[in-house]
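J.: Sharing a structure below in structure tokens format, with a few things to ask.
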Amino acid sequence: METIKDNLAIYQHGKPENLPLVFVHGFPYDHRMWDAQINKFQSNYYCITYDIRGLGESPARGGQFTMEDLADDLLKLIEDMNLNKPVVCGLSMGGYITLRAVEKDESKFGGIILCDTKSAADTNAAKLNRAGGIRKIDEHGVKKFTADFIANCFAEESIERLGAEYQEIVNWAAGCDPVGLKACLLAMAGRTDTTSYLSKLKIPALLMCGEKDNLTPPEVMKAMAEEIGKKSFSVIPHSGHVTSVENQEAFNMAVLNYLLKYFS
Ligand code: MLT
């Protein structure tokens, strides 16, 4: 079921009395990147996906927003939907949002699953890359920008294996609002560093990373897991940066094991 609340498109699957799982997608995707997880978990969990501000069906609202707004959108969603200590799963940009929201108010969360993400803020080189991305959208259009960006995220073997499924993702990303894309790039470039919070985290955390993730490599996420302490860290084989799509089975298995270990 889709509802539009405070300009956020929210999708609910499963029974509200079950443990809530909230999925926060990466850039430049939308809630559809979680289809395999919804199929797997909706019968035993209350699954919620939403489109991040500026992406999918959620409007960019003028295009001036920051990572703080994106983190507040998540906190407000949890509050407005009366979700009792959900487990929130964020991939890449979704992980930046989740980590910042947890840093702001951990009491609202039951657990977190961080996938292919990092706690460090953008380096100067990364900021310049974002600036280049904005220029590319202006000069060459959304289709070229998103196709190149996505190709850089997926492992070559996944692109071949997924075939039409990969092409479908490229096709829907080509329909992104340029204002929303540029706003997200600026929000990511301006985000704070959440590393100092990792060692303070009290709720159970699962960290996952594709073995061939070049954007947020396994070493980076392993270091985050060590900072957090005795938490789970899983390397997903045959996957680049978009683990939930590239190796759905291994991803879902790692999530299930974590849920059974901490929430049953
Ligand atoms: C994502 O997958 O959300 C992006 O790669 C994040 C980023 O560009 O930092």
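Each chain in the structure tokens gets a letter, A, B and so on, in the order shown; residues start at 1 in every chain, and ligands are counted from 1 in the order they appear.
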Check which residues fall inside 9 Å of ligand 1 when counting only C-alpha atoms and all ligand atoms, and print them as number ranges by chain.
T.: A: 25-29, 91-96, 116-118, 122, 126, 130, 149-150, 152-153, 185, 188-189, 215-216, 241-242
J.: Could you name the residues that touch region 39-41 of chain A at 10 Å or less, counting only C-alpha atoms, but leaving out those on the same chain fewer than 6 positions away, as a PyMOL selection string?
T.: chain A and resi 13-14+21+47+248-249+252-253+255-256
J.: Could you check which of A:Ile113, A:Ile4, A:Leu74, A:Leu128 is closest to Gly90 (chain A), using only C-alpha atoms?
T.: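 For Gly90 (chain A), the nearest of the given residues is A:Ile113.
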J.: From the list A:Asn214, A:Asp30, A:Cys209, A:Met67, which residue is nearest Val170 (chain A) when using only C-alpha atoms?
T.: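 Smallest distance to Val170 (chain A) is found for A:Asp30.
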J.: For region 135-137 of chain A, work out the shell of residues within 8 Å, counting only C-alpha atoms and skipping chain neighbours fewer than 5 positions away, then give it as an MDAnalysis selection string.
T.: chainID A and resid 142 144:145 178 182
J.: Export N, CA, C and O atoms of the chosen residues as an mmCIF file, in the first residue's frame?
T.:
data_model
loop_
_atom_site.group_PDB
_atom_site.id
_atom_site.type_symbol
_atom_site.label_atom_id
_atom_site.label_comp_id
_atom_site.auth_asym_id
_atom_site.auth_seq_id
_atom_site.Cartn_x
_atom_site.Cartn_y
_atom_site.Cartn_z
ATOM 1 N N VAL A 142 20.139 13.579 -17.178
ATOM 2 C CA VAL A 142 19.956 12.572 -16.114
ATOM 3 C C VAL A 142 20.295 11.166 -16.597
ATOM 4 O O VAL A 142 20.945 10.389 -15.893
ATOM 5 N N LYS A 144 22.347 9.972 -18.852
ATOM 6 C CA LYS A 144 23.785 9.680 -18.948
ATOM 7 C C LYS A 144 24.392 9.583 -17.536
ATOM 8 O O LYS A 144 25.156 8.672 -17.223
ATOM 9 N N PHE A 145 24.023 10.548 -16.690
ATOM 10 C CA PHE A 145 24.578 10.559 -15.331
ATOM 11 C C PHE A 145 24.219 9.270 -14.584
ATOM 12 O O PHE A 145 25.090 8.599 -14.019
ATOM 13 N N PRO A 178 15.976 15.753 -12.073
ATOM 14 C CA PRO A 178 17.342 16.290 -11.958
ATOM 15 C C PRO A 178 17.542 17.154 -10.709
ATOM 16 O O PRO A 178 18.619 17.147 -10.105
ATOM 17 N N LYS A 182 20.417 16.323 -7.887
ATOM 18 C CA LYS A 182 21.461 17.306 -7.519
ATOM 19 C C LYS A 182 21.375 17.648 -6.036
ATOM 20 O O LYS A 182 22.399 17.811 -5.361
#
J.: From the list A:Ile10, A:Ala36, A:Val102, A:Met221, which residue is nearest Met81 (chain A) when using only C-alpha atoms?
T.: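 Closest to Met81 (chain A), using only C-alpha atoms: A:Ile10.
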J.: Please provide the set of residues having any atom within 10 Å of Glu68 (chain A), restricted to only C-alpha atoms, with same-chain residues fewer than 5 positions apart removed, written as a count of residues only.
T.: 10
J.: Out of region 204-252 of chain A, which residues get helix (DSSP H, G or I) from DSSP, as a list in words?
T.: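 Filtering region 204-252 of chain A to helix (DSSP H, G or I) leaves Pro218, Glu219, Val220, Met221, Lys222, Ala223, Met224, Ala225, Glu226, Glu227, Ile228, Thr243, Ser244, Val245, Glu246, Gln248, Glu249, Ala250, Phe251 and Asn252 of chain A.
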J.: Using the selection just defined, write its residues with all heavy atoms as a short mmCIF file (atom, residue, chain, number, x, y, z; two decimals), in the first residue's frame.
T.:
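Result saved to selection.cif:
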data_model
loop_
_atom_site.label_atom_id
_atom_site.label_comp_id
_atom_site.auth_asym_id
_atom_site.auth_seq_id
_atom_site.Cartn_x
_atom_site.Cartn_y
_atom_site.Cartn_z
N PRO A 218 35.08 -3.44 1.59
CA PRO A 218 34.95 -4.23 2.82
C PRO A 218 35.88 -3.76 3.95
O PRO A 218 35.48 -3.78 5.11
CB PRO A 218 35.29 -5.66 2.38
CG PRO A 218 34.93 -5.69 0.93
CD PRO A 218 35.17 -4.31 0.39
N GLU A 219 37.12 -3.34 3.62
CA GLU A 219 38.05 -2.90 4.70
C GLU A 219 37.45 -1.74 5.50
O GLU A 219 37.60 -1.66 6.73
CB GLU A 219 39.40 -2.40 4.17
CG GLU A 219 40.09 -3.23 3.15
CD GLU A 219 39.60 -2.94 1.73
OE1 GLU A 219 40.03 -1.94 1.13
OE2 GLU A 219 38.80 -3.76 1.27
N VAL A 220 36.77 -0.84 4.76
CA VAL A 220 36.18 0.34 5.41
C VAL A 220 35.07 -0.09 6.37
O VAL A 220 34.99 0.37 7.52
CB VAL A 220 35.62 1.32 4.34
CG1 VAL A 220 34.76 2.40 4.96
CG2 VAL A 220 36.76 1.92 3.53
N MET A 221 34.24 -1.02 5.89
CA MET A 221 33.13 -1.45 6.74
C MET A 221 33.58 -2.35 7.88
O MET A 221 32.99 -2.36 8.95
CB MET A 221 32.08 -2.14 5.88
CG MET A 221 31.40 -1.14 4.95
SD MET A 221 29.72 -1.58 4.60
CE MET A 221 28.87 -1.23 6.14
N LYS A 222 34.68 -3.09 7.63
CA LYS A 222 35.22 -3.94 8.71
C LYS A 222 35.72 -3.04 9.84
O LYS A 222 35.51 -3.31 11.03
CB LYS A 222 36.35 -4.80 8.15
CG LYS A 222 36.88 -5.83 9.10
CD LYS A 222 37.64 -6.91 8.33
CE LYS A 222 38.13 -8.01 9.26
NZ LYS A 222 39.31 -7.64 10.01
N ALA A 223 36.38 -1.95 9.44
CA ALA A 223 36.89 -1.00 10.45
C ALA A 223 35.72 -0.39 11.24
O ALA A 223 35.81 -0.20 12.46
CB ALA A 223 37.70 0.10 9.77
N MET A 224 34.63 -0.13 10.56
CA MET A 224 33.44 0.40 11.26
C MET A 224 32.91 -0.63 12.25
O MET A 224 32.56 -0.30 13.39
CB MET A 224 32.32 0.73 10.26
CG MET A 224 32.51 2.03 9.51
SD MET A 224 31.30 2.17 8.17
CE MET A 224 29.77 2.38 9.06
N ALA A 225 32.86 -1.89 11.80
CA ALA A 225 32.35 -2.96 12.67
C ALA A 225 33.24 -3.10 13.91
O ALA A 225 32.75 -3.29 15.03
CB ALA A 225 32.28 -4.28 11.90
N GLU A 226 34.56 -2.95 13.71
CA GLU A 226 35.49 -3.06 14.86
C GLU A 226 35.27 -1.89 15.82
O GLU A 226 35.33 -2.04 17.04
CB GLU A 226 36.93 -3.09 14.35
CG GLU A 226 37.30 -4.49 13.88
CD GLU A 226 38.53 -4.53 13.00
OE1 GLU A 226 39.21 -3.49 12.85
OE2 GLU A 226 38.82 -5.61 12.44
N GLU A 227 35.01 -0.75 15.27
CA GLU A 227 34.74 0.45 16.08
C GLU A 227 33.48 0.24 16.93
O GLU A 227 33.42 0.61 18.09
CB GLU A 227 34.55 1.62 15.11
CG GLU A 227 34.64 3.01 15.66
CD GLU A 227 36.01 3.35 16.22
OE1 GLU A 227 37.05 2.86 15.72
OE2 GLU A 227 36.00 4.12 17.18
N ILE A 228 32.48 -0.41 16.33
CA ILE A 228 31.22 -0.66 17.04
C ILE A 228 31.44 -1.68 18.16
O ILE A 228 30.80 -1.62 19.20
CB ILE A 228 30.12 -1.13 16.05
CG1 ILE A 228 29.73 0.03 15.11
CG2 ILE A 228 28.88 -1.61 16.80
CD1 ILE A 228 28.77 -0.35 14.01
N THR A 243 24.45 -4.59 -2.75
CA THR A 243 24.33 -5.99 -2.30
C THR A 243 22.89 -6.52 -2.27
O THR A 243 22.67 -7.67 -2.60
CB THR A 243 24.93 -6.14 -0.89
OG1 THR A 243 24.51 -5.03 -0.10
CG2 THR A 243 26.44 -6.19 -0.93
N SER A 244 21.95 -5.67 -1.89
CA SER A 244 20.56 -6.15 -1.75
C SER A 244 20.00 -6.60 -3.09
O SER A 244 19.08 -7.42 -3.13
CB SER A 244 19.68 -5.05 -1.16
OG SER A 244 19.71 -3.92 -2.01
N VAL A 245 20.53 -6.06 -4.17
CA VAL A 245 20.07 -6.42 -5.52
C VAL A 245 21.01 -7.45 -6.15
O VAL A 245 20.58 -8.40 -6.78
CB VAL A 245 20.00 -5.15 -6.42
CG1 VAL A 245 19.60 -5.53 -7.84
CG2 VAL A 245 19.06 -4.12 -5.84
N GLU A 246 22.32 -7.26 -5.94
CA GLU A 246 23.30 -8.08 -6.65
C GLU A 246 23.38 -9.53 -6.14
O GLU A 246 23.62 -10.45 -6.91
CB GLU A 246 24.68 -7.43 -6.57
CG GLU A 246 24.77 -6.14 -7.38
CD GLU A 246 26.15 -5.53 -7.33
OE1 GLU A 246 27.12 -6.16 -7.77
OE2 GLU A 246 26.26 -4.40 -6.81
N GLN A 248 20.88 -11.21 -3.78
CA GLN A 248 19.69 -11.12 -2.93
C GLN A 248 19.64 -12.25 -1.90
O GLN A 248 19.27 -12.04 -0.75
CB GLN A 248 18.45 -11.16 -3.83
CG GLN A 248 18.50 -10.03 -4.84
CD GLN A 248 17.46 -10.14 -5.96
OE1 GLN A 248 16.64 -11.02 -5.99
NE2 GLN A 248 17.51 -9.19 -6.87
N GLU A 249 20.05 -13.43 -2.35
CA GLU A 249 19.95 -14.58 -1.45
C GLU A 249 20.88 -14.44 -0.23
O GLU A 249 20.46 -14.62 0.91
CB GLU A 249 20.31 -15.84 -2.23
CG GLU A 249 19.58 -17.05 -1.75
CD GLU A 249 19.73 -18.19 -2.75
OE1 GLU A 249 19.30 -18.04 -3.91
OE2 GLU A 249 20.31 -19.20 -2.35
N ALA A 250 22.15 -14.12 -0.51
CA ALA A 250 23.12 -13.99 0.59
C ALA A 250 22.74 -12.81 1.50
O ALA A 250 22.87 -12.88 2.73
CB ALA A 250 24.52 -13.80 0.03
N PHE A 251 22.29 -11.74 0.87
CA PHE A 251 21.88 -10.55 1.63
C PHE A 251 20.73 -10.91 2.57
O PHE A 251 20.78 -10.65 3.78
CB PHE A 251 21.45 -9.45 0.65
CG PHE A 251 21.09 -8.14 1.30
CD1 PHE A 251 22.02 -7.11 1.36
CD2 PHE A 251 19.82 -7.91 1.84
CE1 PHE A 251 21.70 -5.89 1.95
CE2 PHE A 251 19.50 -6.70 2.43
CZ PHE A 251 20.44 -5.69 2.48
N ASN A 252 19.70 -11.55 2.00
CA ASN A 252 18.52 -11.88 2.81
C ASN A 252 18.86 -12.87 3.93
O ASN A 252 18.32 -12.77 5.04
CB ASN A 252 17.42 -12.45 1.92
CG ASN A 252 16.80 -11.38 1.03
OD1 ASN A 252 17.05 -10.19 1.23
ND2 ASN A 252 16.02 -11.78 0.05
#
J.: Can you work out the spacing between CA of Gly180 (chain A) and CA of Gly240 (chain A) in Å, to one decimal?
T.: 24.7 Å
J.: Rank A:Leu77, A:Cys89, A:Leu8, A:Ala151 by their smallest atom-to-atom distance to Val22 (chain A), using only C-alpha atoms, and report the top residue only.
T.: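 Once distances to Val22 (chain A) are computed over only C-alpha atoms, the minimum belongs to A:Cys89.
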J.: Name the closest residue to Phe263 (chain A) among the candidates A:Gly141, A:Gly62, A:Pro204, A:Pro16; distances are taken between atoms, counting only C-alpha atoms.
T.: A:Pro204
J.: Taking the DSSP assignment computed from this structure's backbone, write out as a list in words all residues of region 72-212 of chain A that belong to strand (DSSP E or B).
T.: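 Taking region 72-212 of chain A and keeping strand (DSSP E or B) only, one gets Val87, Val88, Cys89, Gly90, Leu91, Gly111, Ile112, Ile113, Leu114, Cys115, Ala205, Leu206, Leu207, Met208, Cys209 and Gly210 of chain A.
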J.: What is the CA of Ser199 (chain A)-CA of Met33 (chain A) distance in Å, reported with one decimal?
T.: 29.8 Å
J.: If you measure from CA of Ser58 (chain A) to CA of Glu103 (chain A), what distance in Å do you get, rounded to one decimal?
T.: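 Straight-line distance from CA of Ser58 (chain A) to CA of Glu103 (chain A) works out to 24.2 Å.
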